[in-house]
$ cat entry_37.txt   # compact mmCIF, C-alpha atoms
# COMPACT_ATOMS: atom_id res chain seq x y z
CA MET A 432 115.50 127.28 98.81
CA ALA A 433 112.93 125.28 100.80
CA HIS A 434 110.10 123.58 98.95
CA LEU A 435 107.07 125.91 99.05
CA VAL A 436 103.80 124.34 100.23
CA ALA A 437 100.78 126.58 99.66
CA VAL A 438 97.64 125.75 101.63
CA LEU A 439 94.44 127.14 100.11
CA ALA A 440 91.97 128.07 102.86
CA LEU A 441 88.41 128.40 101.59
CA GLU A 442 85.39 129.79 103.39
CA GLY A 443 84.36 127.40 106.17
CA VAL A 444 87.74 125.68 106.30
CA ILE A 445 88.03 123.00 108.98
CA ALA A 446 90.70 124.16 111.39
CA PHE A 447 92.19 120.75 112.12
CA GLU A 448 92.74 119.91 108.45
CA LEU A 449 94.04 123.42 107.78
CA GLY A 450 96.75 122.98 110.40
CA ILE A 451 98.00 119.57 109.26
CA PRO A 452 100.36 120.70 106.45
CA ALA A 453 102.03 123.37 108.59
CA ARG A 454 102.46 120.97 111.50
CA ILE A 455 103.86 118.07 109.46
CA PHE A 456 105.82 119.81 106.71
CA GLY A 457 106.87 122.57 109.07
CA SER A 458 108.49 120.01 111.40
CA ALA A 459 110.71 118.48 108.71
CA ARG A 460 114.38 119.37 109.10
CA GLY A 461 117.50 118.44 107.18
CA ASP A 462 120.77 117.23 108.66
CA ASP A 463 121.80 120.85 109.15
CA GLY A 464 118.63 121.58 111.14
CA GLN A 465 117.21 123.85 108.47
CA PRO A 466 113.54 123.59 107.40
CA LEU A 467 112.97 121.46 104.33
CA TYR A 468 109.63 123.10 103.54
CA GLN A 469 108.17 126.57 103.69
CA VAL A 470 104.45 126.43 104.42
CA ALA A 471 102.21 129.42 103.68
CA THR A 472 98.44 129.86 103.68
CA CYS A 473 96.42 131.79 101.14
CA THR A 474 92.79 132.57 100.36
CA LEU A 475 91.00 133.38 97.14
CA ASP A 476 91.27 137.14 97.71
CA GLY A 477 93.95 137.46 100.39
CA GLY A 478 91.33 138.40 102.96
CA PRO A 479 90.09 136.63 106.10
CA VAL A 480 87.87 133.57 105.87
CA GLY A 481 85.54 131.98 108.36
CA THR A 482 86.24 128.51 109.67
CA SER A 483 83.82 125.70 110.36
CA THR A 484 83.84 126.76 114.01
CA ASP A 485 83.39 130.09 115.79
CA PHE A 486 86.49 131.97 114.66
CA ARG A 487 87.94 133.49 111.53
CA ILE A 488 91.50 133.40 110.23
CA ALA A 489 93.53 136.14 108.57
CA VAL A 490 96.25 135.22 106.07
CA ASP A 491 99.17 137.02 104.48
CA HIS A 492 98.70 135.78 100.92
CA GLY A 493 96.19 135.79 98.11
CA PRO A 494 95.92 133.44 95.11
CA GLU A 495 99.19 134.74 93.66
CA LEU A 496 100.95 132.41 96.12
CA LEU A 497 99.72 129.47 94.05
CA GLU A 498 101.85 130.62 91.11
CA ARG A 499 105.06 130.04 93.11
CA ALA A 500 104.08 126.91 94.99
CA ASP A 501 105.83 123.58 94.54
CA THR A 502 102.95 121.82 96.31
CA VAL A 503 99.36 123.01 96.72
CA VAL A 504 97.16 121.54 99.45
CA ILE A 505 93.38 121.92 99.61
CA PRO A 506 92.04 120.95 103.04
CA ALA A 507 88.38 120.23 103.77
CA SER A 508 85.93 123.07 104.25
CA ARG A 509 82.21 123.72 104.09
CA ASP A 510 82.78 124.68 100.46
CA SER A 511 84.23 121.25 99.71
CA SER A 512 81.26 119.50 101.28
CA PRO A 513 79.42 117.33 98.74
CA ASN A 514 76.26 119.25 99.64
CA VAL A 515 77.58 122.56 98.34
CA VAL A 516 80.56 121.78 96.14
CA ASP A 517 78.82 122.64 92.86
CA ALA A 518 77.81 126.05 94.15
CA ALA A 519 81.22 126.55 95.75
CA PHE A 520 83.15 125.98 92.55
CA THR A 521 83.04 129.64 91.63
CA PRO A 522 84.83 131.50 88.84
CA GLU A 523 87.17 132.86 91.53
CA LEU A 524 88.14 129.37 92.61
CA ALA A 525 88.55 128.23 89.01
CA ALA A 526 90.78 131.25 88.33
CA ALA A 527 92.87 130.55 91.43
CA LEU A 528 93.41 126.93 90.46
CA GLY A 529 94.29 128.12 86.98
CA ARG A 530 97.28 129.97 88.44
CA ILE A 531 98.93 126.70 89.47
CA ARG A 532 101.93 125.88 87.30
CA PRO A 533 101.93 122.60 85.33
CA GLY A 534 103.76 119.92 87.26
CA THR A 535 102.96 121.40 90.66
CA ARG A 536 102.10 118.69 93.16
CA LEU A 537 98.43 118.77 94.19
CA MET A 538 97.12 117.37 97.45
CA SER A 539 93.69 117.25 99.05
CA ILE A 540 92.71 116.41 102.60
CA CYS A 541 89.32 114.83 103.30
CA THR A 542 86.55 116.34 101.14
CA GLY A 543 89.00 118.73 99.49
CA SER A 544 89.09 116.02 96.82
CA PHE A 545 85.58 117.09 95.75
CA LEU A 546 87.00 120.43 94.58
CA LEU A 547 89.87 118.82 92.70
CA ALA A 548 87.35 116.52 91.04
CA ALA A 549 85.03 119.43 90.19
CA ALA A 550 87.98 121.13 88.49
CA GLY A 551 88.63 118.03 86.38
CA LEU A 552 92.03 117.54 88.01
CA LEU A 553 91.23 113.98 89.09
CA ASP A 554 89.80 112.72 85.81
CA GLY A 555 91.18 109.27 85.07
CA ARG A 556 93.24 109.28 88.26
CA PRO A 557 92.97 107.29 91.49
CA ALA A 558 91.56 109.28 94.40
CA THR A 559 89.85 108.90 97.73
CA THR A 560 87.85 111.01 100.16
CA HIS A 561 86.20 110.68 103.56
CA TRP A 562 84.56 107.26 103.83
CA ALA A 563 81.17 108.79 104.67
CA TYR A 564 81.00 110.52 101.27
CA THR A 565 82.50 107.97 98.90
CA ASP A 566 79.15 106.83 97.48
CA ARG A 567 78.19 110.40 96.65
CA PHE A 568 81.64 111.11 95.22
CA ALA A 569 81.33 108.09 92.92
CA ARG A 570 77.95 109.31 91.66
CA MET A 571 79.13 112.89 91.13
CA TYR A 572 82.47 112.08 89.51
CA PRO A 573 82.31 108.69 87.75
CA GLN A 574 85.34 109.66 85.66
CA VAL A 575 87.56 109.48 88.76
CA LYS A 576 89.06 106.13 89.78
CA LEU A 577 87.71 106.26 93.32
CA ASP A 578 89.23 103.95 95.92
CA SER A 579 86.76 104.20 98.77
CA ASP A 580 88.68 102.22 101.39
CA VAL A 581 92.23 103.54 101.48
CA LEU A 582 93.75 106.18 103.75
CA TYR A 583 95.34 108.01 100.84
CA THR A 584 96.24 107.71 97.17
CA ASP A 585 99.47 108.69 95.44
CA ASP A 586 99.43 109.21 91.69
CA GLY A 587 102.72 111.03 91.48
CA ASP A 588 101.83 114.70 91.21
CA VAL A 589 98.26 114.28 92.50
CA LEU A 590 97.57 112.87 95.97
CA THR A 591 94.37 112.62 97.99
CA SER A 592 93.55 111.49 101.52
CA GLY A 593 90.57 110.25 103.44
CA GLY A 594 89.10 112.10 106.37
CA VAL A 595 90.75 114.01 109.20
CA ALA A 596 93.80 112.10 110.53
CA ALA A 597 94.41 110.47 107.15
CA GLY A 598 95.66 113.91 106.14
CA VAL A 599 98.48 113.43 108.65
CA ASP A 600 99.30 110.08 107.07
CA LEU A 601 99.35 111.64 103.61
CA CYS A 602 101.65 114.50 104.61
CA LEU A 603 104.02 112.09 106.37
CA HIS A 604 103.98 109.91 103.25
CA VAL A 605 105.01 112.90 101.15
CA VAL A 606 107.83 113.81 103.56
CA ARG A 607 108.98 110.19 103.42
CA ARG A 608 108.79 110.19 99.63
CA ASP A 609 110.73 113.46 99.40
CA HIS A 610 113.37 112.91 102.07
CA GLY A 611 113.24 109.33 103.31
CA SER A 612 112.18 107.43 106.41
CA ALA A 613 114.61 109.03 108.86
CA VAL A 614 113.21 112.54 108.30
CA ALA A 615 109.59 111.35 108.27
CA ASN A 616 110.08 109.32 111.44
CA ALA A 617 111.61 112.31 113.19
CA VAL A 618 108.57 114.39 112.24
CA ALA A 619 106.23 111.66 113.49
CA ARG A 620 108.07 111.47 116.80
CA ALA A 621 107.88 115.23 117.22
CA CYS A 622 104.15 115.17 116.51
CA LEU A 623 103.47 112.03 118.59
CA VAL A 624 101.80 110.19 115.70
CA PRO A 625 102.48 106.79 114.12
CA PRO A 626 105.40 107.09 111.68
CA TRP A 627 103.68 105.19 108.90
CA ARG A 628 100.25 103.82 108.16
CA ASP A 629 100.14 102.10 104.81
CA GLY A 630 98.00 104.06 102.34
CA GLY A 631 96.17 100.86 101.46
CA GLN A 632 94.91 100.43 105.01
CA LYS A 633 91.16 100.78 105.35
CA GLN A 634 89.87 104.16 106.53
CA TYR A 635 87.17 103.04 108.91
CA VAL A 636 87.55 100.15 111.32
CA GLU A 637 85.04 99.26 113.98
CA ALA A 638 86.86 98.86 117.30
CA PRO A 639 84.36 97.64 119.90
CA SER A 640 85.34 97.42 123.55
CA PRO A 641 86.79 94.01 124.46
CA PRO A 642 84.12 91.63 125.75
CA VAL A 643 84.25 90.98 129.48
CA GLU A 644 85.16 87.33 129.01
CA THR A 645 88.46 88.18 127.28
CA GLY A 646 89.77 89.87 130.40
CA GLY A 647 90.65 92.95 128.34
CA PHE A 648 93.59 91.19 126.66
CA THR A 649 95.19 93.10 123.81
CA THR A 650 97.80 92.38 121.15
CA THR A 651 99.97 95.35 122.12
CA ALA A 652 102.70 93.36 123.85
CA VAL A 653 102.84 90.81 121.03
CA ARG A 654 103.20 93.55 118.44
CA ALA A 655 106.05 95.10 120.43
CA TRP A 656 107.74 91.68 120.62
CA ALA A 657 107.24 91.07 116.89
CA LEU A 658 108.96 94.36 116.05
CA GLU A 659 112.06 93.06 117.82
CA HIS A 660 111.95 89.76 115.90
CA LEU A 661 111.06 90.77 112.35
CA ASP A 662 114.06 88.83 111.02
CA GLU A 663 112.56 85.59 112.33
CA PRO A 664 109.58 83.53 111.13
CA LEU A 665 106.45 84.83 112.84
CA PRO A 666 103.76 82.18 112.38
CA LEU A 667 100.27 83.11 113.45
CA ARG A 668 100.06 80.29 116.00
CA GLN A 669 103.21 81.50 117.76
CA LEU A 670 101.85 85.05 118.01
CA ALA A 671 98.50 83.84 119.31
CA ASP A 672 100.19 81.65 121.91
CA ARG A 673 102.28 84.57 123.15
CA ALA A 674 99.07 86.58 123.55
CA GLY A 675 97.37 83.73 125.38
CA MET A 676 94.57 83.60 122.83
CA SER A 677 93.24 81.18 120.27
CA VAL A 678 94.24 81.91 116.69
CA ARG A 679 90.69 82.97 115.88
CA THR A 680 90.41 85.35 118.85
CA PHE A 681 93.89 86.74 118.28
CA THR A 682 93.22 87.43 114.59
CA ARG A 683 89.93 89.17 115.36
CA ARG A 684 91.42 91.25 118.17
CA PHE A 685 94.48 92.14 116.07
CA ARG A 686 92.30 93.46 113.26
CA GLU A 687 90.13 95.41 115.70
CA GLU A 688 93.21 97.12 117.16
CA THR A 689 95.25 97.74 113.99
CA GLY A 690 92.82 97.64 111.08
CA ALA A 691 94.92 94.93 109.43
CA SER A 692 95.43 91.18 109.65
CA PRO A 693 98.55 89.95 111.46
CA GLY A 694 100.13 89.00 108.14
CA GLN A 695 99.43 92.38 106.57
CA TRP A 696 100.76 94.21 109.62
CA ILE A 697 103.97 92.17 109.72
CA THR A 698 104.61 92.76 106.02
CA THR A 699 104.12 96.49 106.53
CA GLN A 700 106.56 96.53 109.46
CA ARG A 701 109.11 94.48 107.52
CA THR A 702 108.85 96.88 104.62
CA GLU A 703 109.45 99.82 106.95
CA ARG A 704 112.44 98.01 108.46
CA ALA A 705 113.87 97.36 105.01
CA ARG A 706 113.47 101.02 104.08
CA GLN A 707 115.36 102.12 107.17
CA LEU A 708 118.16 99.66 106.47
CA LEU A 709 118.44 100.74 102.85
CA GLU A 710 118.61 104.38 103.87
CA ARG A 711 120.86 104.16 106.89
CA THR A 712 123.22 101.17 106.52
CA ASP A 713 125.71 99.69 104.07
CA LEU A 714 124.16 96.24 104.26
CA THR A 715 123.86 94.44 100.94
CA ILE A 716 120.41 93.86 99.46
CA ASP A 717 120.61 90.20 100.53
CA GLN A 718 121.47 91.24 104.08
CA VAL A 719 118.66 93.79 104.17
CA ALA A 720 116.25 91.10 103.02
CA ARG A 721 117.35 88.78 105.84
CA GLU A 722 117.41 91.46 108.56
CA SER A 723 113.92 92.68 107.64
CA GLY A 724 112.46 89.18 107.50
CA PHE A 725 111.86 88.87 103.76
CA GLY A 726 114.50 86.14 103.53
CA THR A 727 115.70 86.68 99.99
CA ALA A 728 116.55 89.63 97.79
CA ALA A 729 113.93 88.45 95.31
CA SER A 730 111.20 88.60 97.96
CA LEU A 731 112.33 92.06 99.07
CA ARG A 732 112.30 93.32 95.49
CA LEU A 733 108.80 91.94 95.01
CA GLN A 734 107.51 93.72 98.12
CA LEU A 735 109.10 97.09 97.31
CA ARG A 736 107.93 96.90 93.72
CA GLY A 737 104.41 96.13 94.83
CA ARG A 738 104.21 98.76 97.57
CA LEU A 739 106.51 101.55 96.35
CA ASP A 740 107.01 100.74 92.65
CA VAL A 741 110.77 100.88 93.09
CA ALA A 742 113.65 98.41 93.32
CA PRO A 743 115.72 98.25 96.54
CA SER A 744 118.86 99.59 94.86
CA ALA A 745 116.97 102.50 93.30
CA TYR A 746 115.32 103.28 96.62
CA ARG A 747 118.71 103.40 98.32
CA ARG A 748 120.13 105.75 95.66
CA THR A 749 117.14 108.07 96.00
CA PHE A 750 117.10 108.42 99.78
CA ARG A 751 120.64 107.71 100.86
CA ALA A 752 122.45 110.90 101.82
CA GLY A 753 125.77 111.09 103.61
CA PRO A 754 127.54 108.31 105.53
CA ALA A 755 125.64 105.30 106.79
CA GLU A 756 124.11 105.58 110.24
CA ALA A 757 123.89 102.76 112.74
CA VAL A 758 120.53 101.09 113.14
CA PRO A 759 120.11 99.53 116.61
CA GLY A 760 120.61 95.78 116.59
CA VAL A 761 122.00 95.63 113.07
CA ARG A 762 125.61 94.79 112.27
CA GLN A 763 127.11 96.87 109.46
CA ALA A 764 128.58 95.19 106.43
CA SER A 765 132.36 95.00 106.45

$ encode --input "entry_37.txt" --output "structure tokens"
Amino acid sequence: MAHLVAVLALEGVIAFELGIPARIFGSARGDDGQPLYQVATCTLDGGPVGTSTDFRIAVDHGPELLERADTVVIPASRDSSPNVVDAAFTPELAAALGRIRPGTRLMSICTGSFLLAAAGLLDGRPATTHWAYTDRFARMYPQVKLDSDVLYTDDGDVLTSGGVAAGVDLCLHVVRRDHGSAVANAVARACLVPPWRDGGQKQYVEAPSPPVETGGFTTTAVRAWALEHLDEPLPLRQLADRAGMSVRTFTRRFREETGASPGQWITTQRTERARQLLERTDLTIDQVARESGFGTAASLRLQLRGRLDVAPSAYRRTFRAGPAEAVPGVRQAS
């Protein structure tokens, strides 16, 4: 039976955030083409609710859906706004959340984290919310380990995301965690979104228009080239030279365009490459380390431990299913 994702729509729900779980989880398919998740929407009384715009939505489920759910998602709404969250945390909402079985995975998108915090479900746990409201969140819920910069947090059975599109990143992260990179990447391709933005990436990055004197140069072509050469040393000077920029200009422009330094971005891409190789090839751990640019198995283990809290061999056992698949440009172990 497919994993049941219940999305709780509250009065004033923001339509974009409401649609994210159905779009991402609903696009995930197994090797047999069957859905890996069932996504259903519920309200506190099973009746229609207004959205933050000029239309209402009708649903097929009431709070009883929460009793069967494997994952519960609370998207942002007017009722999760920091301006009204205390008034919005009604006995009906408390009763609905009380229906959730112990061990059920909880997720919030944007200011939905305010409601999880109001319910005490984030006490002592890492969490985030929309960058514009982090100061207020910290004042209202000092018992929560707020990380104000990141796109999303993952504390096992409780996950939170920053604003708007960070909800897409969080849902893709969960698909990747549940079923591996190949499934998550297929979903990302279908939805025309980046397959992976590291949860530790900052939420809000100023991206001013390029000054006239730069000629509108970007780092796009260099990033595309680097992805084809991740197994090679990629010194900053070499990347800047390929872009026709000074190191200082290249580093500034790179951060403006990606939200990360060149070194951080390359490490993220190498980690993603290593994950794909672990999932889809029979290469040894040493070979995966070399092909992904980490050089040694020890370095690869250090990166996966730091980013995913898992060893390469354990990661492979978790996500490897069926015979190895060919990864373009990679020779299989013999």

$ atom_distance --input "entry_37.txt" --atom1 "CA of Arg668 in chain A" --atom2 "CA of Phe681 in chain A"
9.2 Å

$ atom_distance --input "entry_37.txt" --atom1 "CA of Leu449 in chain A" --atom2 "CA of Pro506 in chain A"
5.7 Å

$ residues_around --input "entry_37.txt" --residues "His492 in chain A" --least-positions-apart "2" --cutoff "6 Å" --atoms "only C-alpha atoms" --output "ChimeraX atom specification"
/A:473,477,490

$ atom_distance --input "entry_37.txt" --atom1 "CA of Leu577 in chain A" --atom2 "CA of Asp510 in chain A"
20.4 Å

$ closest_atom_pairs --input "entry_37.txt" --of "range 703-751 of chain A" --to "range 579-595 of chain A" --cutoff "12 Å" --atoms "only C-alpha atoms" --output "JSON lines"
{"residue": "A:Arg738", "atom": "CA", "partner": "A:Asp585", "partner_atom": "CA", "distance": 11.2}
{"residue": "A:Leu739", "atom": "CA", "partner": "A:Asp585", "partner_atom": "CA", "distance": 10.1}
{"residue": "A:Asp740", "atom": "CA", "partner": "A:Gly587", "partner_atom": "CA", "distance": 11.2}

$ axis_aligned_box --input "entry_37.txt" --around "range 453-465 of chain A" --padding-each-side "3 Å" --output "AutoDock Vina command-line options"
--center_x 111.9 --center_y 120.5 --center_z 109.1 --size_x 25.8 --size_y 12.6 --size_z 10.8

$ closest_residue --input "entry_37.txt" --among "A:Ser511, A:Gln734, A:Ser458, A:Thr698" --to "Ala621 in chain A" --atoms "all atoms listed in the file"
A:Ser458

$ residues_around --input "entry_37.txt" --residues "Val605 in chain A" --least-positions-apart "3" --cutoff "10 Å" --atoms "all atoms listed in the file" --output "number ranges by chain"
A: 455-456, 538, 585, 590, 599-602, 608-611, 615

$ closest_atom_pairs --input "entry_37.txt" --of "range 453-553 of chain A" --to "range 558-566 of chain A" --cutoff "10 Å" --atoms "all atoms listed in the file" --output "tab-separated table"
residue	atom	partner	partner_atom	distance
A:Ala507	CA	A:His561	CA	9.8
A:Ser512	CA	A:Tyr564	CA	9.0
A:Pro513	CA	A:Tyr564	CA	7.4
A:Ser539	CA	A:Thr560	CA	8.6
A:Ile540	CA	A:Thr560	CA	7.7
A:Cys541	CA	A:Thr560	CA	5.2
A:Thr542	CA	A:Thr560	CA	5.6
A:Gly543	CA	A:Thr560	CA	7.8
A:Ser544	CA	A:Thr560	CA	6.1
A:Phe545	CA	A:Thr560	CA	7.8
A:Leu547	CA	A:Ala558	CA	9.8
A:Ala548	CA	A:Ala558	CA	9.0
A:Leu553	CA	A:Ala558	CA	7.1

$ write_last_selection --input "entry_37.txt" --atoms "C-alpha atoms" --output "PDB file, keeping the file's coordinate frame"
ATOM      1  CA  ALA A 507      88.380 120.230 103.770  1.00  0.00           C
ATOM      2  CA  SER A 512      81.260 119.500 101.280  1.00  0.00           C
ATOM      3  CA  PRO A 513      79.420 117.330  98.740  1.00  0.00           C
ATOM      4  CA  SER A 539      93.690 117.250  99.050  1.00  0.00           C
ATOM      5  CA  ILE A 540      92.710 116.410 102.600  1.00  0.00           C
ATOM      6  CA  CYS A 541      89.320 114.830 103.300  1.00  0.00           C
ATOM      7  CA  THR A 542      86.550 116.340 101.140  1.00  0.00           C
ATOM      8  CA  GLY A 543      89.000 118.730  99.490  1.00  0.00           C
ATOM      9  CA  SER A 544      89.090 116.020  96.820  1.00  0.00           C
ATOM     10  CA  PHE A 545      85.580 117.090  95.750  1.00  0.00           C
ATOM     11  CA  LEU A 547      89.870 118.820  92.700  1.00  0.00           C
ATOM     12  CA  ALA A 548      87.350 116.520  91.040  1.00  0.00           C
ATOM     13  CA  LEU A 553      91.230 113.980  89.090  1.00  0.00           C
TER      14      LEU A 553
END

$ residues_near_point --input "entry_37.txt" --point "(116.8, 79.4, 109.9)" --cutoff "12 Å" --atoms "all atoms listed in the file" --output "JSON, numbers by chain"
{"A": [662, 663, 664, 721, 724, 726]}

$ residues_around --input "entry_37.txt" --residues "Gln700 in chain A" --least-positions-apart "3" --cutoff "9 Å" --atoms "all atoms listed in the file" --output "number ranges by chain"
A: 658, 661, 695-697, 703-705, 723

$ residues_around --input "entry_37.txt" --residues "Pro625 in chain A" --least-positions-apart "2" --cutoff "10 Å" --atoms "only C-alpha atoms" --output "PyMOL selection string"
chain A and resi 599-600+603+616+618-620+622-623+627-628

$ residues_around --input "entry_37.txt" --residues "Thr482 in chain A" --least-positions-apart "2" --cutoff "8 Å" --atoms "only C-alpha atoms" --output "PyMOL selection string"
chain A and resi 442-446+480+484-488+508

$ residues_near_point --input "entry_37.txt" --point "(83.8, 104.6, 87.6)" --cutoff "12 Å" --atoms "all atoms listed in the file" --output "list of chain:residue names"
A:Asp554, A:Gly555, A:Arg556, A:Pro557, A:Ala558, A:Thr565, A:Asp566, A:Phe568, A:Ala569, A:Arg570, A:Met571, A:Tyr572, A:Pro573, A:Gln574, A:Val575, A:Lys576, A:Leu577, A:Asp578, A:Ser579

$ decode --input "entry_37.txt" --residues "range 465-493 of chain A" --atoms "N, CA and C atoms" --output "PDB file, in the first residue's frame"
ATOM      1  N   GLN A 465       4.012   2.446 -10.551  1.00  0.00           N
ATOM      2  CA  GLN A 465       2.932   2.682  -9.592  1.00  0.00           C
ATOM      3  C   GLN A 465       3.287   3.817  -8.634  1.00  0.00           C
ATOM      4  N   PRO A 466       2.278   4.578  -8.178  1.00  0.00           N
ATOM      5  CA  PRO A 466       2.546   5.678  -7.238  1.00  0.00           C
ATOM      6  C   PRO A 466       3.158   5.158  -5.937  1.00  0.00           C
ATOM      7  N   LEU A 467       4.127   5.896  -5.447  1.00  0.00           N
ATOM      8  CA  LEU A 467       4.754   5.542  -4.177  1.00  0.00           C
ATOM      9  C   LEU A 467       4.061   6.202  -2.994  1.00  0.00           C
ATOM     10  N   TYR A 468       3.265   7.220  -3.258  1.00  0.00           N
ATOM     11  CA  TYR A 468       2.554   7.932  -2.200  1.00  0.00           C
ATOM     12  C   TYR A 468       1.098   8.124  -2.611  1.00  0.00           C
ATOM     13  N   GLN A 469       0.236   8.124  -1.620  1.00  0.00           N
ATOM     14  CA  GLN A 469      -1.143   8.574  -1.799  1.00  0.00           C
ATOM     15  C   GLN A 469      -1.276   9.887  -1.045  1.00  0.00           C
ATOM     16  N   VAL A 470      -1.679  10.931  -1.721  1.00  0.00           N
ATOM     17  CA  VAL A 470      -1.792  12.248  -1.097  1.00  0.00           C
ATOM     18  C   VAL A 470      -3.262  12.623  -1.002  1.00  0.00           C
ATOM     19  N   ALA A 471      -3.709  12.987   0.195  1.00  0.00           N
ATOM     20  CA  ALA A 471      -5.102  13.372   0.416  1.00  0.00           C
ATOM     21  C   ALA A 471      -5.142  14.608   1.298  1.00  0.00           C
ATOM     22  N   THR A 472      -6.137  15.435   1.086  1.00  0.00           N
ATOM     23  CA  THR A 472      -6.276  16.698   1.812  1.00  0.00           C
ATOM     24  C   THR A 472      -7.446  16.625   2.765  1.00  0.00           C
ATOM     25  N   CYS A 473      -7.281  17.180   3.943  1.00  0.00           N
ATOM     26  CA  CYS A 473      -8.361  17.198   4.924  1.00  0.00           C
ATOM     27  C   CYS A 473      -8.459  18.578   5.564  1.00  0.00           C
ATOM     28  N   THR A 474      -9.586  18.829   6.205  1.00  0.00           N
ATOM     29  CA  THR A 474      -9.789  20.047   6.991  1.00  0.00           C
ATOM     30  C   THR A 474     -10.213  19.651   8.394  1.00  0.00           C
ATOM     31  N   LEU A 475     -10.358  20.622   9.255  1.00  0.00           N
ATOM     32  CA  LEU A 475     -10.681  20.324  10.643  1.00  0.00           C
ATOM     33  C   LEU A 475     -12.071  19.737  10.815  1.00  0.00           C
ATOM     34  N   ASP A 476     -12.992  20.022   9.888  1.00  0.00           N
ATOM     35  CA  ASP A 476     -14.345  19.486  10.006  1.00  0.00           C
ATOM     36  C   ASP A 476     -14.824  18.768   8.743  1.00  0.00           C
ATOM     37  N   GLY A 477     -13.942  18.610   7.777  1.00  0.00           N
ATOM     38  CA  GLY A 477     -14.331  17.961   6.528  1.00  0.00           C
ATOM     39  C   GLY A 477     -15.057  18.877   5.563  1.00  0.00           C
ATOM     40  N   GLY A 478     -15.265  20.123   5.952  1.00  0.00           N
ATOM     41  CA  GLY A 478     -15.975  21.077   5.111  1.00  0.00           C
ATOM     42  C   GLY A 478     -15.025  21.948   4.319  1.00  0.00           C
ATOM     43  N   PRO A 479     -15.571  22.809   3.456  1.00  0.00           N
ATOM     44  CA  PRO A 479     -14.737  23.714   2.656  1.00  0.00           C
ATOM     45  C   PRO A 479     -14.004  24.725   3.536  1.00  0.00           C
ATOM     46  N   VAL A 480     -12.890  25.209   3.034  1.00  0.00           N
ATOM     47  CA  VAL A 480     -12.166  26.291   3.696  1.00  0.00           C
ATOM     48  C   VAL A 480     -11.826  27.346   2.661  1.00  0.00           C
ATOM     49  N   GLY A 481     -11.720  28.584   3.124  1.00  0.00           N
ATOM     50  CA  GLY A 481     -11.267  29.653   2.253  1.00  0.00           C
ATOM     51  C   GLY A 481      -9.766  29.598   2.096  1.00  0.00           C
ATOM     52  N   THR A 482      -9.272  30.127   0.992  1.00  0.00           N
ATOM     53  CA  THR A 482      -7.837  30.225   0.778  1.00  0.00           C
ATOM     54  C   THR A 482      -7.399  31.663   1.038  1.00  0.00           C
ATOM     55  N   SER A 483      -6.131  31.914   0.844  1.00  0.00           N
ATOM     56  CA  SER A 483      -5.622  33.270   1.042  1.00  0.00           C
ATOM     57  C   SER A 483      -5.971  34.159  -0.149  1.00  0.00           C
ATOM     58  N   THR A 484      -6.565  33.570  -1.178  1.00  0.00           N
ATOM     59  CA  THR A 484      -6.945  34.354  -2.352  1.00  0.00           C
ATOM     60  C   THR A 484      -8.465  34.382  -2.463  1.00  0.00           C
ATOM     61  N   ASP A 485      -8.989  34.438  -3.694  1.00  0.00           N
ATOM     62  CA  ASP A 485     -10.420  34.697  -3.843  1.00  0.00           C
ATOM     63  C   ASP A 485     -11.224  33.438  -4.172  1.00  0.00           C
ATOM     64  N   PHE A 486     -10.774  32.283  -3.723  1.00  0.00           N
ATOM     65  CA  PHE A 486     -11.564  31.079  -3.950  1.00  0.00           C
ATOM     66  C   PHE A 486     -11.506  30.178  -2.727  1.00  0.00           C
ATOM     67  N   ARG A 487     -12.453  29.269  -2.651  1.00  0.00           N
ATOM     68  CA  ARG A 487     -12.518  28.299  -1.578  1.00  0.00           C
ATOM     69  C   ARG A 487     -12.230  26.914  -2.134  1.00  0.00           C
ATOM     70  N   ILE A 488     -11.855  25.993  -1.253  1.00  0.00           N
ATOM     71  CA  ILE A 488     -11.624  24.619  -1.690  1.00  0.00           C
ATOM     72  C   ILE A 488     -12.516  23.679  -0.881  1.00  0.00           C
ATOM     73  N   ALA A 489     -12.997  22.648  -1.557  1.00  0.00           N
ATOM     74  CA  ALA A 489     -13.766  21.589  -0.916  1.00  0.00           C
ATOM     75  C   ALA A 489     -12.901  20.346  -0.862  1.00  0.00           C
ATOM     76  N   VAL A 490     -12.968  19.604   0.227  1.00  0.00           N
ATOM     77  CA  VAL A 490     -12.138  18.409   0.402  1.00  0.00           C
ATOM     78  C   VAL A 490     -13.032  17.202   0.659  1.00  0.00           C
ATOM     79  N   ASP A 491     -12.439  16.039   0.590  1.00  0.00           N
ATOM     80  CA  ASP A 491     -13.188  14.804   0.795  1.00  0.00           C
ATOM     81  C   ASP A 491     -12.990  14.193   2.168  1.00  0.00           C
ATOM     82  N   HIS A 492     -12.147  14.833   3.003  1.00  0.00           N
ATOM     83  CA  HIS A 492     -11.798  14.206   4.276  1.00  0.00           C
ATOM     84  C   HIS A 492     -11.839  15.214   5.422  1.00  0.00           C
ATOM     85  N   GLY A 493     -12.168  14.690   6.585  1.00  0.00           N
ATOM     86  CA  GLY A 493     -12.084  15.454   7.816  1.00  0.00           C
ATOM     87  C   GLY A 493     -10.868  15.024   8.613  1.00  0.00           C
TER      88      GLY A 493
END
